[in-house]
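> Hey, dropping final.cif in here, mmCIF, C-alpha atoms:
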data_entry
loop_
_atom_site.group_PDB
_atom_site.id
_atom_site.type_symbol
_atom_site.label_atom_id
_atom_site.label_comp_id
_atom_site.auth_asym_id
_atom_site.auth_seq_id
_atom_site.Cartn_x
_atom_site.Cartn_y
_atom_site.Cartn_z
ATOM 1 C CA MET T 1 101.600 119.281 100.664
ATOM 2 C CA THR T 2 100.263 115.827 99.904
ATOM 3 C CA THR T 3 99.944 112.524 101.725
ATOM 4 C CA ALA T 4 102.115 110.965 99.024
ATOM 5 C CA GLN T 5 104.885 113.473 99.708
ATOM 6 C CA ASP T 6 104.544 112.948 103.463
ATOM 7 C CA LEU T 7 104.849 109.193 102.945
ATOM 8 C CA ALA T 8 107.944 109.646 100.771
ATOM 9 C CA ILE T 9 109.489 111.862 103.477
ATOM 10 C CA VAL T 10 108.737 109.281 106.175
ATOM 11 C CA ALA T 11 110.266 106.571 103.967
ATOM 12 C CA ALA T 12 113.453 108.631 103.643
ATOM 13 C CA GLY T 13 113.671 109.390 107.353
ATOM 14 C CA PRO T 14 114.998 107.674 110.468
ATOM 15 C CA PRO T 15 111.892 105.557 111.239
ATOM 16 C CA ALA T 16 112.178 103.724 107.938
ATOM 17 C CA ASP T 17 113.792 100.330 107.581
ATOM 18 C CA PRO T 18 116.538 100.614 104.936
ATOM 19 C CA THR T 19 115.402 97.264 103.519
ATOM 20 C CA VAL T 20 111.940 98.584 102.536
ATOM 21 C CA GLU T 21 111.099 97.174 99.119
ATOM 22 C CA GLN T 22 110.829 99.898 96.483
ATOM 23 C CA GLY T 23 107.947 98.063 94.823
ATOM 24 C CA ASP T 24 105.986 98.048 98.090
ATOM 25 C CA LEU T 25 106.650 101.754 98.598
ATOM 26 C CA SER T 26 105.646 102.512 95.000
ATOM 27 C CA ILE T 27 102.264 100.846 95.491
ATOM 28 C CA ALA T 28 101.715 102.671 98.794
ATOM 29 C CA LEU T 29 102.584 105.982 97.105
ATOM 30 C CA ALA T 30 100.067 105.291 94.339
ATOM 31 C CA GLY T 31 97.475 104.667 97.057
ATOM 32 C CA ALA T 32 98.471 107.899 98.788
ATOM 33 C CA GLU T 33 98.035 109.825 95.537
ATOM 34 C CA LEU T 34 94.581 108.346 95.080
ATOM 35 C CA LEU T 35 93.610 109.401 98.605
ATOM 36 C CA ASP T 36 94.945 112.899 97.886
ATOM 37 C CA LEU T 37 92.735 113.029 94.786
ATOM 38 C CA VAL T 38 89.737 111.907 96.850
ATOM 39 C CA ASP T 39 90.455 114.654 99.401
ATOM 40 C CA ARG T 40 90.553 117.221 96.599
ATOM 41 C CA GLU T 41 87.276 115.862 95.163
ATOM 42 C CA ALA T 42 89.086 115.137 91.909
ATOM 43 C CA VAL T 43 87.786 111.560 92.165
ATOM 44 C CA SER T 44 85.236 109.565 94.131
ATOM 45 C CA LEU T 45 84.957 105.845 94.681
ATOM 46 C CA ASP T 46 81.998 103.748 93.561
ATOM 47 C CA GLU T 47 82.787 100.600 95.530
ATOM 48 C CA ASP T 48 86.244 99.796 94.075
ATOM 49 C CA ARG T 49 85.892 101.909 90.915
ATOM 50 C CA ILE T 50 87.614 105.285 90.573
ATOM 51 C CA VAL T 51 85.131 107.835 89.223
ATOM 52 C CA PRO T 52 86.895 111.003 87.997
ATOM 53 C CA GLY T 53 85.461 114.388 88.915
ATOM 54 C CA PRO T 54 86.046 117.721 87.189
ATOM 55 C CA ALA T 55 89.622 118.210 86.067
ATOM 56 C CA ALA T 56 91.443 120.540 88.461
ATOM 57 C CA GLU T 57 94.954 121.918 88.557
ATOM 58 C CA ASP T 58 97.156 121.098 91.531
ATOM 59 C CA GLU T 59 100.354 122.755 92.686
ATOM 60 C CA ASP T 60 102.098 119.415 93.206
ATOM 61 C CA PRO T 61 103.442 118.242 89.820
ATOM 62 C CA LEU T 62 103.302 114.511 90.615
ATOM 63 C CA LEU T 63 99.726 114.735 91.847
ATOM 64 C CA ARG T 64 98.824 116.810 88.797
ATOM 65 C CA GLU T 65 100.359 114.088 86.647
ATOM 66 C CA ALA T 66 98.392 111.438 88.548
ATOM 67 C CA ALA T 67 95.131 113.305 87.905
ATOM 68 C CA SER T 68 95.937 113.518 84.190
ATOM 69 C CA LEU T 69 96.294 109.721 84.051
ATOM 70 C CA LEU T 70 92.826 108.932 85.406
ATOM 71 C CA VAL T 71 90.683 106.686 83.209
ATOM 72 C CA ARG T 72 87.700 108.857 82.277
ATOM 73 C CA ARG T 73 85.558 106.306 80.486
ATOM 74 C CA THR T 74 83.195 103.733 81.932
ATOM 75 C CA PRO T 75 83.384 101.257 83.568
ATOM 76 C CA TYR T 76 86.347 103.216 85.001
ATOM 77 C CA GLU T 77 89.428 101.752 86.576
ATOM 78 C CA THR T 78 89.518 99.691 89.755
ATOM 79 C CA VAL T 79 91.631 100.814 92.701
ATOM 80 C CA GLU T 80 93.787 97.701 92.312
ATOM 81 C CA ASP T 81 94.451 98.377 88.622
ATOM 82 C CA TRP T 82 95.368 101.966 89.462
ATOM 83 C CA LEU T 83 97.863 100.851 92.101
ATOM 84 C CA TRP T 84 99.680 98.562 89.681
ATOM 85 C CA ARG T 85 99.613 100.996 86.758
ATOM 86 C CA ARG T 86 100.483 104.216 88.571
ATOM 87 C CA GLY T 87 102.769 102.535 91.092
ATOM 88 C CA ASN T 88 105.275 101.322 88.508
ATOM 89 C CA GLY T 89 108.563 102.983 89.517
ATOM 90 C CA LEU T 90 106.801 105.656 91.590
ATOM 91 C CA ALA T 91 109.133 105.415 94.604
ATOM 92 C CA VAL T 92 112.069 106.515 92.467
ATOM 93 C CA ARG T 93 110.012 109.412 91.084
ATOM 94 C CA TYR T 94 109.233 110.667 94.576
ATOM 95 C CA ARG T 95 112.793 110.171 95.780
ATOM 96 C CA ASP T 96 114.066 112.273 92.890
ATOM 97 C CA ALA T 97 111.368 114.915 93.471
ATOM 98 C CA LEU T 98 112.288 115.255 97.148
ATOM 99 C CA ALA T 99 115.954 115.633 96.240
ATOM 100 C CA ALA T 100 115.120 118.258 93.599
ATOM 101 C CA GLN T 101 113.122 120.248 96.168
ATOM 102 C CA GLY T 102 115.957 120.073 98.681
ATOM 103 C CA LEU T 103 113.874 117.958 101.053
ATOM 104 C CA THR T 104 116.551 115.277 101.293
ATOM 105 C CA THR T 105 120.320 115.551 101.461
ATOM 106 C CA PRO T 106 122.997 112.881 101.072
ATOM 107 C CA ALA T 107 123.631 110.940 104.267
ATOM 108 C CA ARG T 108 127.094 110.747 105.785
ATOM 109 C CA ALA T 109 129.333 108.122 104.287
ATOM 110 C CA HIS T 110 128.977 104.716 105.907
ATOM 111 C CA ARG T 111 131.968 102.809 107.166
ATOM 112 C CA THR T 112 131.263 100.076 104.649
ATOM 113 C CA PRO T 113 132.529 101.586 101.393
ATOM 114 C CA PHE T 114 130.264 99.597 99.083
ATOM 115 C CA ARG T 115 127.031 100.361 100.898
ATOM 116 C CA ARG T 116 124.937 102.975 99.119
ATOM 117 C CA PRO T 117 124.260 105.996 101.355
ATOM 118 C CA ARG T 118 120.642 106.556 102.346
ATOM 119 C CA ALA T 119 119.002 109.924 101.921
ATOM 120 C CA ALA T 120 118.810 111.974 105.100
ATOM 121 C CA PRO T 121 116.111 114.649 105.433
ATOM 122 C CA ALA T 122 116.976 118.338 105.362
ATOM 123 C CA ASP T 123 115.107 120.884 107.511
ATOM 124 C CA SER T 124 111.942 122.443 106.057
ATOM 125 C CA ALA T 125 108.306 123.184 106.778
ATOM 126 C CA ALA T 126 107.325 120.181 104.655
ATOM 127 C CA LEU T 127 109.406 117.905 106.854
ATOM 128 C CA ASP T 128 107.871 119.422 109.985
ATOM 129 C CA ARG T 129 104.386 118.778 108.640
ATOM 130 C CA ALA T 130 105.186 115.165 107.767
ATOM 131 C CA ALA T 131 106.749 114.690 111.205
ATOM 132 C CA ARG T 132 103.652 116.071 112.945
ATOM 133 C CA ARG T 133 101.386 113.701 111.028
ATOM 134 C CA TRP T 134 103.718 110.834 111.758
ATOM 135 C CA THR T 135 104.127 111.420 115.487
ATOM 136 C CA SER T 136 100.390 112.025 115.926
ATOM 137 C CA GLY T 137 99.670 108.558 114.535
ATOM 138 C CA GLU T 138 97.419 109.950 111.808
ATOM 139 C CA PRO T 139 95.653 106.779 110.578
ATOM 140 C CA VAL T 140 96.021 107.257 106.811
ATOM 141 C CA LEU T 141 99.756 107.941 106.882
ATOM 142 C CA ALA T 142 100.317 105.241 109.508
ATOM 143 C CA GLY T 143 98.285 102.745 107.488
ATOM 144 C CA LEU T 144 100.224 103.413 104.297
ATOM 145 C CA ALA T 145 103.568 103.236 106.108
ATOM 146 C CA GLY T 146 102.551 99.949 107.708
ATOM 147 C CA ALA T 147 101.470 98.514 104.366
ATOM 148 C CA ALA T 148 104.833 99.427 102.827
ATOM 149 C CA ARG T 149 106.613 97.883 105.855
ATOM 150 C CA ILE T 150 108.244 101.191 106.728
ATOM 151 C CA THR T 151 106.988 100.320 110.205
ATOM 152 C CA ASP T 152 105.154 97.336 111.608
ATOM 153 C CA PRO T 153 101.549 97.342 110.354
ATOM 154 C CA ALA T 154 98.825 97.973 112.907
ATOM 155 C CA ASP T 155 96.534 95.128 113.958
ATOM 156 C CA ASP T 156 93.411 97.033 112.891
ATOM 157 C CA THR T 157 94.043 99.250 109.878
ATOM 158 C CA SER T 158 90.457 100.536 109.535
ATOM 159 C CA VAL T 159 90.187 102.517 112.788
ATOM 160 C CA GLY T 160 89.504 106.200 112.139
ATOM 161 C CA LEU T 161 89.188 105.805 108.370
ATOM 162 C CA THR T 162 86.423 106.823 105.993
ATOM 163 C CA ASP T 163 84.971 104.196 103.649
ATOM 164 C CA ALA T 164 87.078 105.490 100.757
ATOM 165 C CA GLN T 165 90.252 105.470 102.847
ATOM 166 C CA ALA T 166 89.543 101.943 104.081
ATOM 167 C CA THR T 167 88.925 100.758 100.506
ATOM 168 C CA VAL T 168 92.181 102.213 99.210
ATOM 169 C CA LEU T 169 94.258 101.004 102.162
ATOM 170 C CA GLY T 170 92.756 97.521 101.884
ATOM 171 C CA SER T 171 93.694 97.426 98.201
ATOM 172 C CA VAL T 172 97.222 98.667 98.981
ATOM 173 C CA HIS T 173 97.687 95.872 101.531
ATOM 174 C CA GLN T 174 96.355 93.291 99.059
ATOM 175 C CA ALA T 175 98.581 94.472 96.203
ATOM 176 C CA ILE T 176 101.686 94.482 98.400
ATOM 177 C CA THR T 177 100.850 90.992 99.639
ATOM 178 C CA GLU T 178 100.572 89.814 96.020
ATOM 179 C CA LEU T 179 103.870 91.491 95.190
ATOM 180 C CA ALA T 180 105.597 89.756 98.108
ATOM 181 C CA ALA T 181 104.209 86.401 96.947
ATOM 182 C CA GLU T 182 105.517 87.053 93.442
ATOM 183 C CA ARG T 183 108.985 87.913 94.789
ATOM 184 C CA GLN T 184 108.979 84.704 96.819
ATOM 185 C CA ARG T 185 107.928 82.661 93.794
ATOM 186 C CA ARG T 186 110.715 84.124 91.688
ATOM 187 C CA SER T 187 113.231 83.517 94.468
ATOM 188 C CA ILE T 188 112.207 79.859 94.709
ATOM 189 C CA GLU T 189 112.418 79.444 90.941
ATOM 190 C CA ALA T 190 115.861 81.084 90.854
ATOM 191 C CA ALA T 191 117.104 78.812 93.651
ATOM 192 C CA ALA T 192 115.767 75.729 91.856
ATOM 193 C CA PHE T 193 117.479 76.827 88.639
ATOM 194 C CA ASP T 194 120.778 77.288 90.499
ATOM 195 C CA ASN T 195 120.435 73.808 91.996
ATOM 196 C CA ILE T 196 119.957 72.276 88.554
ATOM 197 C CA TRP T 197 123.196 73.872 87.313
ATOM 198 C CA ARG T 198 125.055 72.735 90.409
ATOM 199 C CA GLY T 199 123.845 69.188 89.873
ATOM 200 C CA ASN T 200 121.836 69.045 93.125
#
Re-express the file's structure as structure tokens.

Amino acid sequence: MTTAQDLAIVAAGPPADPTVEQGDLSIALAGAELLDLVDREAVSLDEDRIVPGPAAEDEDPLLREAASLLVRRTPYETVEDWLWRRGNGLAVRYRDALAAQGLTTPARAHRTPFRRPRAAPADSAALDRAARRWTSGEPVLAGLAGAARITDPADDTSVGLTDAQATVLGSVHQAITELAAERQRRSIEAAAFDNIWRGN
């Protein structure tokens, strides 16, 4: 089991807001993968640089893929660069992986026929583990979920974290903030363009 998988399960479950931005979740998942790699001593952090350790196999295919994508030449990659590069489309990858493993099942049809059904979790040991971490308020999982706006972010996101965890979570928050600003900028530009065509 990985923190990234636990986060994907939480995002698919009842606590999650159905309006969670996939880009935000993708960045948080990339941060979760990095923390999983730190836990496995596959990488270490030198300030904000990701220093790869010895290559090691992992049972989780997405985490194994993440390890294979590490930049292994100096000056190494920054945490922020990793989040943007690895995070591209990652939420969809995890959603599909959970479905393939039988960890999510289609939700019941909604009364509104044109609303896409959300994934509803199926029973499994993996779901139980994610639920235990979630209900215990484990700071890493809670911090990532707050950053992705699955839940309201905590006031102090550094409590109970190691230096590496605090560095990664801080970078996740920063990247998601930048992404939100970019979405807002594009929305304003699109609205201005519409106004020009309407003659306003």
> When you count all atoms listed in the file, which of these residues is closest to Ser44 in chain T: T:Glu178, T:Glu77, T:Asp58, T:Glu138?
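Going through T:Glu178, T:Glu77, T:Asp58, T:Glu138 one by one, the smallest distance to Ser44 in chain T is for T:Glu77.
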> Please write out, as AutoDock Vina command-line options, where the centre of an axis-aligned box around all listed atoms of range 66-83 of chain T lies and how long its edges are, in Å to one decimal, after adding 6 Å on each side.

--center_x 90.8 --center_y 105.6 --center_z 86.6 --size_x 27.2 --size_y 27.8 --size_z 24.2
> Quick one: distance from CA of Ser26 in chain T to CA of Val92 in chain T in Å, one decimal?
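Pair CA of Ser26 in chain T / CA of Val92 in chain T returns 8.0 Å.
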> Report, in Å to a single decimal, how far apart CA of Asp46 in chain T and CA of Asp24 in chain T are.
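These atoms are spaced 25.1 Å apart.
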> Using CA of Ala99 in chain T and CA of Leu7 in chain T as the two end points, give the distance in Å to one decimal.
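A separation of 14.5 Å between them.
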> Which is closest to Asp36 in chain T among T:Arg64, T:Arg186, T:Arg95, T:Arg149, if we use all atoms listed in the file?
T:Arg64
> Using only C-alpha atoms, which protein or nucleic acid residues come within 10 Å of range 126-131 of chain T? Drop anything in the same chain fewer than 2 positions from it, and give the result as an mmCIF file with C-alpha atoms, in the frame of the given file.

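As a result, out-v9.cif now contains:
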data_model
loop_
_atom_site.group_PDB
_atom_site.id
_atom_site.type_symbol
_atom_site.label_atom_id
_atom_site.label_comp_id
_atom_site.auth_asym_id
_atom_site.auth_seq_id
_atom_site.Cartn_x
_atom_site.Cartn_y
_atom_site.Cartn_z
ATOM 1 C CA MET T 1 101.600 119.281 100.664
ATOM 2 C CA THR T 2 100.263 115.827 99.904
ATOM 3 C CA THR T 3 99.944 112.524 101.725
ATOM 4 C CA GLN T 5 104.885 113.473 99.708
ATOM 5 C CA ASP T 6 104.544 112.948 103.463
ATOM 6 C CA LEU T 7 104.849 109.193 102.945
ATOM 7 C CA ALA T 8 107.944 109.646 100.771
ATOM 8 C CA ILE T 9 109.489 111.862 103.477
ATOM 9 C CA VAL T 10 108.737 109.281 106.175
ATOM 10 C CA GLY T 13 113.671 109.390 107.353
ATOM 11 C CA LEU T 103 113.874 117.958 101.053
ATOM 12 C CA THR T 104 116.551 115.277 101.293
ATOM 13 C CA PRO T 121 116.111 114.649 105.433
ATOM 14 C CA ALA T 122 116.976 118.338 105.362
ATOM 15 C CA ASP T 123 115.107 120.884 107.511
ATOM 16 C CA SER T 124 111.942 122.443 106.057
ATOM 17 C CA ARG T 133 101.386 113.701 111.028
ATOM 18 C CA TRP T 134 103.718 110.834 111.758
ATOM 19 C CA THR T 135 104.127 111.420 115.487
ATOM 20 C CA SER T 136 100.390 112.025 115.926
ATOM 21 C CA GLY T 137 99.670 108.558 114.535
ATOM 22 C CA LEU T 141 99.756 107.941 106.882
#
> Quick check on the file I pasted: which residues fall under the PyMOL selection byres ((chain T and resi 67) around 12)? Write them as JSON, numbers by chain.
{"T": [30, 33, 34, 35, 36, 37, 38, 40, 41, 42, 43, 50, 51, 52, 53, 54, 55, 56, 57, 58, 59, 60, 61, 62, 63, 64, 65, 66, 68, 69, 70, 71, 72, 82, 86]}
> Which residues would end up in the selection if the PyMOL selection byres ((chain T and resi 180) around 12) were applied here, given that I need the answer as a PyMOL selection string?
chain T and resi 20-24+27+147-149+173-179+181-187
